[in-house]
>>> print(open('my_file.cif').read())   # mmCIF, C-alpha atoms
data_data
#
loop_
_atom_site.label_atom_id
_atom_site.label_comp_id
_atom_site.auth_asym_id
_atom_site.auth_seq_id
_atom_site.Cartn_x
_atom_site.Cartn_y
_atom_site.Cartn_z
CA MET A 561 27.47 18.87 -17.87
CA ASN A 562 25.43 16.29 -19.74
CA ASP A 563 28.11 13.78 -20.76
CA PRO A 564 26.71 10.33 -19.90
CA LEU A 565 30.13 9.01 -18.91
CA TYR A 566 30.64 11.88 -16.48
CA LEU A 567 27.13 11.44 -15.05
CA ALA A 568 27.56 7.69 -14.63
CA ALA A 569 30.89 8.19 -12.86
CA ALA A 570 29.38 10.93 -10.68
CA VAL A 571 26.43 8.76 -9.63
CA ALA A 572 28.82 5.88 -8.91
CA VAL A 573 31.05 8.07 -6.74
CA MET A 574 28.12 9.46 -4.72
CA ALA A 575 26.61 5.99 -4.35
CA LEU A 576 29.90 4.45 -3.23
CA VAL A 577 30.72 7.15 -0.68
CA THR A 578 27.19 7.09 0.77
CA ALA A 579 27.19 3.28 0.98
CA ALA A 580 30.69 3.32 2.51
CA LEU A 581 29.42 5.58 5.30
CA ARG A 582 26.41 3.36 5.92
CA PHE A 583 28.39 0.11 5.82
CA ALA A 584 31.55 1.26 7.64
CA PRO A 585 30.35 0.59 11.20
CA PHE A 586 29.22 -2.92 10.25
CA LEU A 587 32.47 -3.70 8.43
CA LEU A 588 34.70 -2.26 11.16
CA LEU A 589 32.78 -3.26 14.29
CA GLY A 590 30.47 -6.03 13.14
CA GLY A 591 32.73 -8.93 14.12
CA ARG A 592 31.59 -11.87 16.16
CA ARG A 593 31.26 -9.64 19.21
CA THR A 594 30.48 -5.95 19.11
CA PRO A 595 33.12 -3.97 21.05
CA ARG A 596 31.73 -2.82 24.37
CA LEU A 597 32.17 0.85 23.59
CA ALA A 598 30.23 0.40 20.33
CA VAL A 599 27.45 -1.37 22.22
CA TYR A 600 27.25 1.58 24.59
CA LEU A 601 27.22 4.10 21.74
CA GLY A 602 24.68 2.00 19.87
CA ARG A 603 22.41 2.23 22.89
CA VAL A 604 22.68 6.00 23.38
CA PHE A 605 22.99 7.09 19.74
CA PRO A 606 19.31 6.61 18.77
CA CYS A 607 18.07 9.24 21.24
CA ALA A 608 21.05 11.54 20.61
CA THR A 609 20.81 11.20 16.83
CA VAL A 610 17.08 11.84 16.65
CA GLY A 611 17.73 14.93 18.79
CA MET A 612 20.28 15.96 16.17
CA LEU A 613 17.79 15.26 13.37
CA VAL A 614 15.19 17.48 15.03
CA VAL A 615 17.71 20.32 14.97
CA TYR A 616 18.65 19.35 11.40
CA GLY A 617 15.00 19.63 10.37
CA LEU A 618 14.81 23.08 11.94
CA LYS A 619 18.21 24.25 10.70
CA ASP A 620 16.83 26.94 8.43
CA LEU A 621 15.07 28.80 11.24
CA SER A 622 15.68 32.50 10.91
CA PHE A 623 15.06 35.07 13.59
CA ALA A 624 15.16 38.00 11.17
CA GLY A 625 11.35 38.06 10.95
CA ALA A 626 8.40 36.29 12.58
CA GLY A 627 7.82 34.20 9.43
CA GLY A 628 11.22 32.58 9.87
CA PHE A 629 10.51 30.86 13.15
CA VAL A 630 6.94 31.30 14.46
CA PRO A 631 5.34 28.74 12.05
CA GLN A 632 7.99 26.13 12.91
CA LEU A 633 7.63 26.68 16.65
CA LEU A 634 3.81 26.67 16.63
CA ALA A 635 3.54 23.62 14.38
CA GLY A 636 6.33 21.84 16.29
CA ALA A 637 4.54 22.48 19.57
CA LEU A 638 1.31 21.14 18.06
CA VAL A 639 3.11 17.96 16.94
CA VAL A 640 4.59 17.31 20.38
CA ALA A 641 1.45 18.24 22.34
CA SER A 642 -0.87 16.16 20.17
CA TYR A 643 1.54 13.22 20.37
CA LEU A 644 1.62 13.45 24.17
CA TRP A 645 -2.17 13.53 24.16
CA LYS A 646 -3.07 10.82 21.61
CA ARG A 647 0.22 8.91 21.10
CA ASN A 648 -0.61 8.62 17.40
CA SER A 649 2.35 9.67 15.26
CA LEU A 650 0.50 9.76 11.94
CA LEU A 651 -2.17 12.04 13.38
CA SER A 652 0.46 14.37 14.86
CA ILE A 653 2.54 14.48 11.68
CA VAL A 654 -0.39 15.08 9.33
CA GLY A 655 -2.00 17.62 11.67
CA GLY A 656 1.25 19.46 12.37
CA THR A 657 2.22 19.56 8.70
CA ALA A 658 -1.20 20.77 7.55
CA PHE A 659 -1.11 23.48 10.23
CA TYR A 660 2.39 24.47 9.13
CA MET A 661 1.36 24.65 5.48
CA VAL A 662 -1.60 26.88 6.31
CA LEU A 663 0.67 29.12 8.38
CA VAL A 664 3.36 29.57 5.73
CA GLN A 665 0.95 29.84 2.81
CA THR A 666 -1.69 32.13 4.24
CA VAL A 667 -0.63 33.76 7.51
CA PHE A 668 3.07 34.55 7.18
CA MET B 1047 -0.01 -9.77 6.55
CA GLN B 1048 -0.04 -8.12 9.96
CA THR B 1049 3.65 -7.26 9.52
CA VAL B 1050 2.99 -5.75 6.10
CA ARG B 1051 0.16 -3.66 7.52
CA ASN B 1052 2.27 -2.47 10.47
CA ALA B 1053 5.20 -1.59 8.23
CA PHE B 1054 2.97 0.25 5.78
CA LYS B 1055 1.23 2.16 8.55
CA SER B 1056 4.54 3.22 10.10
CA SER B 1057 5.79 4.32 6.70
CA LEU B 1058 2.86 6.64 5.96
CA PRO B 1059 4.51 9.80 7.33
CA VAL B 1060 7.50 9.06 5.11
CA LEU B 1061 5.16 8.43 2.17
CA ALA B 1062 3.95 12.03 2.26
CA GLY B 1063 7.39 13.52 2.84
CA TYR B 1064 9.30 11.41 0.32
CA LEU B 1065 6.79 11.72 -2.51
CA VAL B 1066 6.90 15.49 -2.27
CA LEU B 1067 10.62 15.88 -1.59
CA GLY B 1068 11.45 13.23 -4.19
CA ALA B 1069 9.27 15.09 -6.69
CA GLY B 1070 11.11 18.30 -5.78
CA PHE B 1071 14.40 16.60 -6.59
CA GLY B 1072 13.03 15.24 -9.89
CA MET B 1073 11.78 18.69 -10.90
CA MET B 1074 15.19 20.21 -10.17
CA MET B 1075 16.84 17.54 -12.34
CA LYS B 1076 14.38 18.23 -15.15
CA ALA B 1077 14.87 21.98 -14.85
CA ALA B 1078 18.66 21.45 -15.03
CA GLY B 1079 18.16 19.55 -18.29
CA TYR B 1080 18.73 15.95 -17.21
CA SER B 1081 16.66 13.04 -18.48
CA PRO B 1082 14.44 11.23 -15.93
CA PHE B 1083 16.84 8.28 -16.18
CA TRP B 1084 19.44 10.15 -14.09
CA ALA B 1085 16.93 11.11 -11.42
CA LEU B 1086 15.92 7.46 -11.27
CA ALA B 1087 19.53 6.25 -11.13
CA MET B 1088 20.36 8.60 -8.27
CA SER B 1089 17.29 7.71 -6.25
CA VAL B 1090 17.93 3.98 -6.73
CA PHE B 1091 21.70 3.91 -6.17
CA VAL B 1092 22.60 6.96 -4.09
CA TYR B 1093 19.35 7.22 -2.11
CA ALA B 1094 20.32 10.12 0.13
CA GLY B 1095 17.93 13.07 -0.03
CA SER B 1096 19.94 16.11 0.95
CA MET B 1097 22.96 14.94 -1.05
CA GLN B 1098 20.82 14.43 -4.15
CA TYR B 1099 19.53 17.98 -3.84
CA ALA B 1100 23.08 19.28 -3.51
CA ALA B 1101 24.19 17.12 -6.45
CA VAL B 1102 21.92 18.85 -8.98
CA GLY B 1103 23.92 22.07 -8.73
CA LEU B 1104 27.25 20.27 -8.53
CA LEU B 1105 26.54 18.21 -11.65
CA SER B 1106 25.36 21.17 -13.74
CA GLY B 1107 28.52 22.99 -12.72
CA GLY B 1108 30.59 20.00 -13.81
CA ALA B 1109 32.11 19.46 -10.36
CA SER B 1110 35.07 17.07 -10.31
CA LEU B 1111 34.62 13.54 -9.00
CA VAL B 1112 36.87 14.40 -6.05
CA THR B 1113 34.65 17.36 -5.15
CA LEU B 1114 31.60 15.12 -5.40
CA ALA B 1115 33.21 12.48 -3.17
CA LEU B 1116 34.23 15.02 -0.51
CA THR B 1117 30.85 16.75 -0.53
CA THR B 1118 29.07 13.42 -0.19
CA LEU B 1119 31.39 12.52 2.68
CA MET B 1120 30.57 15.71 4.55
CA VAL B 1121 26.84 15.84 3.84
CA ASN B 1122 26.32 12.15 4.67
CA ALA B 1123 28.79 11.63 7.53
CA ARG B 1124 25.85 11.44 9.97
CA HIS B 1125 25.04 8.02 8.52
CA LEU B 1126 27.98 6.62 10.51
CA PHE B 1127 25.84 7.09 13.62
CA TYR B 1128 23.01 5.07 12.11
CA GLY B 1129 25.26 2.09 11.45
CA ILE B 1130 26.61 2.12 14.99
CA SER B 1131 23.07 2.23 16.41
CA MET B 1132 21.95 -0.67 14.23
CA LEU B 1133 24.94 -2.99 14.83
CA GLU B 1134 23.02 -5.01 17.39
CA PRO B 1135 19.44 -4.85 16.01
CA TYR B 1136 20.64 -5.87 12.52
CA ARG B 1137 23.22 -8.41 13.75
CA LYS B 1138 21.16 -11.45 12.77
CA ALA B 1139 19.38 -9.97 9.77
CA GLY B 1140 20.77 -12.57 7.37
CA ALA B 1141 20.32 -12.08 3.64
CA ALA B 1142 18.38 -8.84 4.13
CA LYS B 1143 21.27 -7.19 5.96
CA PRO B 1144 23.05 -5.51 3.00
CA TYR B 1145 19.84 -3.88 1.81
CA LEU B 1146 18.81 -2.87 5.34
CA ILE B 1147 22.16 -1.13 5.75
CA PHE B 1148 22.09 0.46 2.28
CA ALA B 1149 18.60 1.86 2.91
CA LEU B 1150 19.39 3.57 6.24
CA THR B 1151 18.26 7.11 5.42
CA ASP B 1152 17.45 9.66 8.12
CA GLU B 1153 13.76 8.83 8.00
CA THR B 1154 14.06 5.04 7.83
CA TYR B 1155 16.61 5.17 10.63
CA SER B 1156 14.28 7.19 12.83
CA LEU B 1157 11.63 4.48 12.38
CA VAL B 1158 13.84 1.43 13.01
CA CYS B 1159 16.31 2.79 15.57
CA ASP B 1160 14.31 1.84 18.66
CA GLY B 1161 15.06 -1.82 17.87
CA ARG B 1162 11.48 -2.86 18.68
CA ARG B 1163 10.57 -4.06 15.19
CA SER B 1164 11.30 -7.47 13.66
CA VAL B 1165 13.85 -7.72 10.84
CA ARG B 1166 11.00 -8.51 8.42
CA GLU B 1167 9.15 -5.37 9.38
CA CYS B 1168 12.32 -3.27 9.13
CA LEU B 1169 12.94 -4.69 5.65
CA LEU B 1170 9.42 -3.89 4.47
CA LEU B 1171 9.65 -0.39 5.93
CA SER B 1172 12.98 0.21 4.22
CA LEU B 1173 11.59 -1.01 0.89
CA PHE B 1174 8.41 1.07 1.15
CA ASP B 1175 10.40 4.19 1.99
CA GLN B 1176 12.73 3.80 -0.98
CA LEU B 1177 9.78 3.09 -3.29
CA TYR B 1178 8.17 6.39 -2.25
CA TRP B 1179 11.42 8.23 -2.84
CA VAL B 1180 11.99 6.66 -6.27
CA ALA B 1181 8.35 7.16 -7.30
CA GLY B 1182 8.45 10.82 -6.24
CA SER B 1183 11.72 11.51 -8.07
CA VAL B 1184 10.60 9.89 -11.31
CA ALA B 1185 7.21 11.61 -11.21
CA GLY B 1186 8.87 14.97 -10.62
CA ALA B 1187 11.42 14.38 -13.39
CA LEU B 1188 8.71 13.35 -15.86
CA LEU B 1189 6.06 15.90 -15.05
CA GLY B 1190 7.99 18.93 -13.90
CA GLU B 1191 6.04 21.65 -12.13
CA VAL B 1192 2.45 20.63 -12.72
CA VAL B 1193 1.21 20.15 -9.16
CA PRO B 1194 -2.25 21.75 -9.10
CA PHE B 1195 -1.94 23.15 -5.57
CA SER B 1196 0.83 24.70 -3.54
CA THR B 1197 2.92 22.19 -1.62
CA GLN B 1198 4.93 24.89 0.10
CA GLY B 1199 5.72 23.75 3.63
CA VAL B 1200 5.00 20.06 3.13
CA ASP B 1201 8.63 19.23 3.88
CA PHE B 1202 7.76 19.97 7.50
CA ALA B 1203 6.39 16.40 7.54
CA LEU B 1204 9.92 15.07 7.99
CA THR B 1205 10.69 17.44 10.86
CA ALA B 1206 7.36 16.44 12.40
CA LEU B 1207 8.35 12.77 12.03
CA PHE B 1208 11.62 13.40 13.89
CA LEU B 1209 9.71 15.32 16.58
CA THR B 1210 7.26 12.46 17.22
CA VAL B 1211 10.11 9.94 17.36
CA PHE B 1212 12.00 12.25 19.74
CA THR B 1213 8.92 12.60 21.98
CA ASP B 1214 8.28 8.85 21.91
CA GLN B 1215 11.88 8.06 22.85
CA TRP B 1216 11.70 10.64 25.63
CA LEU B 1217 8.64 8.89 27.09
CA HIS B 1218 10.33 5.48 26.89
CA SER B 1219 13.78 6.43 28.25
CA LYS B 1220 14.92 6.27 31.84
CA THR B 1221 17.72 8.74 31.25
CA HIS B 1222 17.31 11.84 29.09
CA PHE B 1223 21.01 12.61 28.89
CA PRO B 1224 21.51 11.22 25.32
CA ALA B 1225 18.46 13.06 23.94
CA LEU B 1226 19.44 16.34 25.59
CA CYS B 1227 23.04 15.88 24.52
CA GLY B 1228 22.03 15.26 20.88
CA ALA B 1229 19.62 18.17 20.63
CA GLY B 1230 21.68 20.54 22.80
CA VAL B 1231 25.08 20.03 21.15
CA SER B 1232 23.46 20.26 17.69
CA ALA B 1233 21.66 23.50 18.57
CA VAL B 1234 24.87 25.06 19.88
CA CYS B 1235 26.82 23.93 16.81
CA LEU B 1236 24.08 25.25 14.51
CA ALA B 1237 24.32 28.66 16.19
CA VAL B 1238 28.12 28.66 15.96
CA PHE B 1239 28.79 27.06 12.56
CA GLY B 1240 25.60 27.82 10.62
CA PRO B 1241 23.17 25.49 8.82
CA ASP B 1242 25.60 24.20 6.19
CA ARG B 1243 28.50 23.28 8.45
CA PHE B 1244 27.15 22.26 11.83
CA LEU B 1245 26.70 18.49 11.39
CA LEU B 1246 30.32 17.35 11.62
CA PRO B 1247 31.18 19.42 14.73
CA ALA B 1248 27.85 18.35 16.25
CA MET B 1249 28.65 14.66 15.67
CA ALA B 1250 32.10 15.05 17.21
CA GLY B 1251 30.68 16.94 20.18
CA ILE B 1252 27.85 14.47 20.76
CA THR B 1253 30.22 11.49 20.64
CA ALA B 1254 32.68 13.16 23.01
CA LEU B 1255 29.97 14.13 25.48
CA LEU B 1256 28.33 10.69 25.41
CA LEU B 1257 31.70 9.01 25.96
CA ALA B 1258 32.44 11.39 28.82
CA GLY B 1259 29.04 10.51 30.25
CA SER B 1260 29.83 6.79 30.12
CA LEU B 1261 33.18 7.35 31.88
CA GLY B 1262 31.27 9.16 34.58
CA GLN B 1263 29.05 6.13 35.04
CA LYS B 1264 31.71 3.43 35.26
CA GLN B 1265 35.44 3.30 34.84
CA ASP B 1266 35.97 -0.06 33.13
CA THR B 1267 35.29 1.19 29.61
CA ARG B 1268 37.95 -0.20 27.29
CA LYS B 1269 39.96 2.27 25.30
CA GLU B 1270 38.93 1.94 21.69
CA VAL B 1271 39.23 4.24 18.76
CA THR B 1272 35.84 5.69 17.89
CA PRO B 1273 34.97 4.75 14.34
CA ASP B 1274 34.00 8.18 13.13
CA GLU B 1275 37.37 9.83 13.61
#
>>> encode(input="my_file.cif", output="structure tokens")
Amino acid sequence: MNDPLYLAAAVAVMALVTAALRFAPFLLLGGRRTPRLAVYLGRVFPCATVGMLVVYGLKDLSFAGAGGFVPQLLAGALVVASYLWKRNSLLSIVGGTAFYMVLVQTVF
Amino acid sequence: MQTVRNAFKSSLPVLAGYLVLGAGFGMMMKAAGYSPFWALAMSVFVYAGSMQYAAVGLLSGGASLVTLALTTLMVNARHLFYGISMLEPYRKAGAAKPYLIFALTDETYSLVCDGRRSVRECLLLSLFDQLYWVAGSVAGALLGEVVPFSTQGVDFALTALFLTVFTDQWLHSKTHFPALCGAGVSAVCLAVFGPDRFLLPAMAGITALLLAGSLGQKQDTRKEVTPDE
């Protein structure tokens, strides 16, 4: 559908719902004092959520063939190992991604 | 200047990922017959990568506004977690606060969630990240598929970013329960519900397990309704 009115309304709806999700915690819990339970969740959520995002990034793993999981596991291991060694996130991300690209484009 | 340099340096992994993924989105919009204006509008106002990808198909199929709203709600529900994590760090952010909250994508969140950066640096990071995303989308929508080399696999940069943040948090945490809970519950839910449906059950499970963990620690937790129910 290419009707500009429809597209404008669609973009507005997606923008509003996304913003509502991002703003909701601040609107509901952002009073003068943050409720204690929210403070606790705010402290533990970063580690838990990044754990969830790691799984989210790997959600399309497939164990039907080696190409569906071996590149991700090898490149992921390289990212973690190099980070533990050098503590340089840019180096680990660029190195891991380049390695992954070589694996999926030439090996698997 | 030092803050600008730090923010830019931290944003470099996102630069690579967002330019390429943004361009991918722009190309899909072009292929579906939309003018670059709409790719630009979505990247400026919606600014949510996976939803924008999903939207291309929904829009071409003429999905109803209700369908769009519900899909956005389900795909982006994880952003509720980001807000809760940033309540305290962004409490005194002043005039920058609305934009900081608006710009909380997965990747920006993973960079600011440790609460170790100043508000100014978080703001610069958020701006840089959105600029990359907008630039990528517009370039993709204008140029279409003209990249001279294969970019297959470059989206792994974002997974790699999450992995380095995860490792860094692991090294800096006294307790690993939240990290294990987040990754473990998500992995189980992914196996049970599949890649398109696992996020909501994972969020519910993670929240429940973390709350149970806090009750185990001390008993004076006030009863409050969790905001994501």
>>> interface_residues(input="my_file.cif", of="chain B", to="chain A", cutoff="7 Å", atoms="all atoms listed in the file", output="number ranges by chain")
B: 1059, 1088, 1091-1092, 1105-1108, 1111, 1114-1115, 1118-1119, 1122-1123, 1125-1127, 1129-1133, 1147-1148, 1156, 1159-1160, 1198-1200, 1202-1203, 1205-1210, 1212-1213, 1215, 1224-1225, 1227-1229, 1232-1233, 1241, 1267-1268, 1273
>>> residues_around(input="my_file.cif", residues="B:Tyr1099", least_positions_apart="2", cutoff="9 Å", atoms="all atoms listed in the file", output="MDAnalysis selection string")
chainID B and resid 1070:1071 1074:1075 1094:1097 1101:1103
>>> residues_near_point(input="my_file.cif", point="(16.4, 7.0, -14.6)", cutoff="12 Å", atoms="all atoms listed in the file", output="PDB file with C-alpha atoms, in the coordinates of the input")
ATOM      1  CA  LEU A 567      27.130  11.440 -15.050  1.00  0.00           C
ATOM      2  CA  ALA A 568      27.560   7.690 -14.630  1.00  0.00           C
ATOM      3  CA  VAL A 571      26.430   8.760  -9.630  1.00  0.00           C
TER       4      VAL A 571
ATOM      5  CA  GLY B1072      13.030  15.240  -9.890  1.00  0.00           C
ATOM      6  CA  MET B1075      16.840  17.540 -12.340  1.00  0.00           C
ATOM      7  CA  LYS B1076      14.380  18.230 -15.150  1.00  0.00           C
ATOM      8  CA  TYR B1080      18.730  15.950 -17.210  1.00  0.00           C
ATOM      9  CA  SER B1081      16.660  13.040 -18.480  1.00  0.00           C
ATOM     10  CA  PRO B1082      14.440  11.230 -15.930  1.00  0.00           C
ATOM     11  CA  PHE B1083      16.840   8.280 -16.180  1.00  0.00           C
ATOM     12  CA  TRP B1084      19.440  10.150 -14.090  1.00  0.00           C
ATOM     13  CA  ALA B1085      16.930  11.110 -11.420  1.00  0.00           C
ATOM     14  CA  LEU B1086      15.920   7.460 -11.270  1.00  0.00           C
ATOM     15  CA  ALA B1087      19.530   6.250 -11.130  1.00  0.00           C
ATOM     16  CA  MET B1088      20.360   8.600  -8.270  1.00  0.00           C
ATOM     17  CA  SER B1089      17.290   7.710  -6.250  1.00  0.00           C
ATOM     18  CA  VAL B1090      17.930   3.980  -6.730  1.00  0.00           C
ATOM     19  CA  PHE B1091      21.700   3.910  -6.170  1.00  0.00           C
ATOM     20  CA  VAL B1180      11.990   6.660  -6.270  1.00  0.00           C
ATOM     21  CA  ALA B1181       8.350   7.160  -7.300  1.00  0.00           C
ATOM     22  CA  SER B1183      11.720  11.510  -8.070  1.00  0.00           C
ATOM     23  CA  VAL B1184      10.600   9.890 -11.310  1.00  0.00           C
ATOM     24  CA  ALA B1185       7.210  11.610 -11.210  1.00  0.00           C
ATOM     25  CA  GLY B1186       8.870  14.970 -10.620  1.00  0.00           C
ATOM     26  CA  ALA B1187      11.420  14.380 -13.390  1.00  0.00           C
ATOM     27  CA  LEU B1188       8.710  13.350 -15.860  1.00  0.00           C
TER      28      LEU B1188
END
>>> atom_distance(input="my_file.cif", atom1="atom CA of B:Ala1053", atom2="atom CA of B:Ala1142")
15.6 Å
>>> atom_distance(input="my_file.cif", atom1="atom CA of B:Pro1135", atom2="atom CA of B:His1218")
17.6 Å
>>> atom_distance(input="my_file.cif", atom1="atom CA of B:Thr1197", atom2="atom CA of B:Gly1079")
22.7 Å
>>> closest_residue(input="my_file.cif", among="B:Leu1061, B:Ile1252, B:Met1120, B:Ala1141", to="B:Leu1226", atoms="all atoms listed in the file")
B:Ile1252
>>> closest_residue(input="my_file.cif", among="B:Lys1143, B:Val1112, B:Cys1235, B:Leu1256", to="B:Cys1168", atoms="all atoms listed in the file")
B:Lys1143
>>> axis_aligned_box(input="my_file.cif", around="stretch 1049-1059 of chain B", padding_each_side="4 Å", output="lines of an AutoDock Vina configuration file")
center_x = 3.0
center_y = 1.3
center_z = 8.1
size_x = 13.6
size_y = 25.1
size_z = 12.7
>>> resolve_selection(input="my_file.cif", expression="the PyMOL selection byres ((chain B and resi 1244) around 10)", output="ChimeraX atom specification")
/A:616,619 /B:1231-1243,1245-1249
>>> write_last_selection(input="my_file.cif", atoms="C-alpha atoms", output="PDB file, keeping the file's coordinate frame")
ATOM      1  CA  TYR A 616      18.650  19.350  11.400  1.00  0.00           C
ATOM      2  CA  LYS A 619      18.210  24.250  10.700  1.00  0.00           C
TER       3      LYS A 619
ATOM      4  CA  VAL B1231      25.080  20.030  21.150  1.00  0.00           C
ATOM      5  CA  SER B1232      23.460  20.260  17.690  1.00  0.00           C
ATOM      6  CA  ALA B1233      21.660  23.500  18.570  1.00  0.00           C
ATOM      7  CA  VAL B1234      24.870  25.060  19.880  1.00  0.00           C
ATOM      8  CA  CYS B1235      26.820  23.930  16.810  1.00  0.00           C
ATOM      9  CA  LEU B1236      24.080  25.250  14.510  1.00  0.00           C
ATOM     10  CA  ALA B1237      24.320  28.660  16.190  1.00  0.00           C
ATOM     11  CA  VAL B1238      28.120  28.660  15.960  1.00  0.00           C
ATOM     12  CA  PHE B1239      28.790  27.060  12.560  1.00  0.00           C
ATOM     13  CA  GLY B1240      25.600  27.820  10.620  1.00  0.00           C
ATOM     14  CA  PRO B1241      23.170  25.490   8.820  1.00  0.00           C
ATOM     15  CA  ASP B1242      25.600  24.200   6.190  1.00  0.00           C
ATOM     16  CA  ARG B1243      28.500  23.280   8.450  1.00  0.00           C
ATOM     17  CA  LEU B1245      26.700  18.490  11.390  1.00  0.00           C
ATOM     18  CA  LEU B1246      30.320  17.350  11.620  1.00  0.00           C
ATOM     19  CA  PRO B1247      31.180  19.420  14.730  1.00  0.00           C
ATOM     20  CA  ALA B1248      27.850  18.350  16.250  1.00  0.00           C
ATOM     21  CA  MET B1249      28.650  14.660  15.670  1.00  0.00           C
TER      22      MET B1249
END
>>> residues_around(input="my_file.cif", residues="stretch 1064-1066 of chain B", least_positions_apart="2", cutoff="6 Å", atoms="all atoms listed in the file", output="list of chain:residue names")
B:Val1060, B:Leu1061, B:Ala1062, B:Gly1068, B:Ala1069, B:Tyr1178, B:Trp1179, B:Gly1182
>>> residues_around(input="my_file.cif", residues="B:Thr1049", least_positions_apart="6", cutoff="9 Å", atoms="only C-alpha atoms", output="ChimeraX atom specification")
/B:1164,1166-1167,1170
>>> closest_residue(input="my_file.cif", among="B:Gly1230, B:Leu1157, B:Arg1137, B:Gln1176", to="B:Asp1214", atoms="only C-alpha atoms")
B:Leu1157
>>> build_atoms(input="my_file.cif", residues="stretch 1062-1077 of chain B", atoms="N, CA and C atoms", output="tab-separated table (two decimals), in the coordinates of the input")
chain	number	residue	atom	x	y	z
B	1062	ALA	N	4.26	10.65	2.61
B	1062	ALA	CA	3.95	12.03	2.26
B	1062	ALA	C	5.23	12.82	2.01
B	1063	GLY	N	6.17	12.73	2.95
B	1063	GLY	CA	7.39	13.52	2.84
B	1063	GLY	C	8.23	13.15	1.63
B	1064	TYR	N	8.41	11.85	1.40
B	1064	TYR	CA	9.30	11.41	0.32
B	1064	TYR	C	8.71	11.65	-1.06
B	1065	LEU	N	7.39	11.46	-1.20
B	1065	LEU	CA	6.79	11.72	-2.51
B	1065	LEU	C	7.03	13.17	-2.90
B	1066	VAL	N	6.79	14.07	-1.95
B	1066	VAL	CA	6.90	15.49	-2.27
B	1066	VAL	C	8.37	15.91	-2.42
B	1067	LEU	N	9.21	15.49	-1.48
B	1067	LEU	CA	10.62	15.88	-1.59
B	1067	LEU	C	11.29	15.19	-2.77
B	1068	GLY	N	10.92	13.93	-3.02
B	1068	GLY	CA	11.45	13.23	-4.19
B	1068	GLY	C	11.04	13.95	-5.46
B	1069	ALA	N	9.76	14.36	-5.52
B	1069	ALA	CA	9.27	15.09	-6.69
B	1069	ALA	C	10.04	16.40	-6.84
B	1070	GLY	N	10.32	17.07	-5.72
B	1070	GLY	CA	11.11	18.30	-5.78
B	1070	GLY	C	12.47	18.06	-6.41
B	1071	PHE	N	13.10	16.95	-6.01
B	1071	PHE	CA	14.40	16.60	-6.59
B	1071	PHE	C	14.26	16.33	-8.09
B	1072	GLY	N	13.24	15.54	-8.48
B	1072	GLY	CA	13.03	15.24	-9.89
B	1072	GLY	C	12.82	16.50	-10.72
B	1073	MET	N	12.03	17.43	-10.17
B	1073	MET	CA	11.78	18.69	-10.90
B	1073	MET	C	13.07	19.48	-11.08
B	1074	MET	N	13.92	19.50	-10.04
B	1074	MET	CA	15.19	20.21	-10.17
B	1074	MET	C	16.06	19.58	-11.26
B	1075	MET	N	16.05	18.24	-11.31
B	1075	MET	CA	16.84	17.54	-12.34
B	1075	MET	C	16.32	17.90	-13.73
B	1076	LYS	N	14.98	17.90	-13.85
B	1076	LYS	CA	14.38	18.23	-15.15
B	1076	LYS	C	14.72	19.67	-15.55
B	1077	ALA	N	14.58	20.58	-14.57
B	1077	ALA	CA	14.87	21.98	-14.85
B	1077	ALA	C	16.33	22.17	-15.25
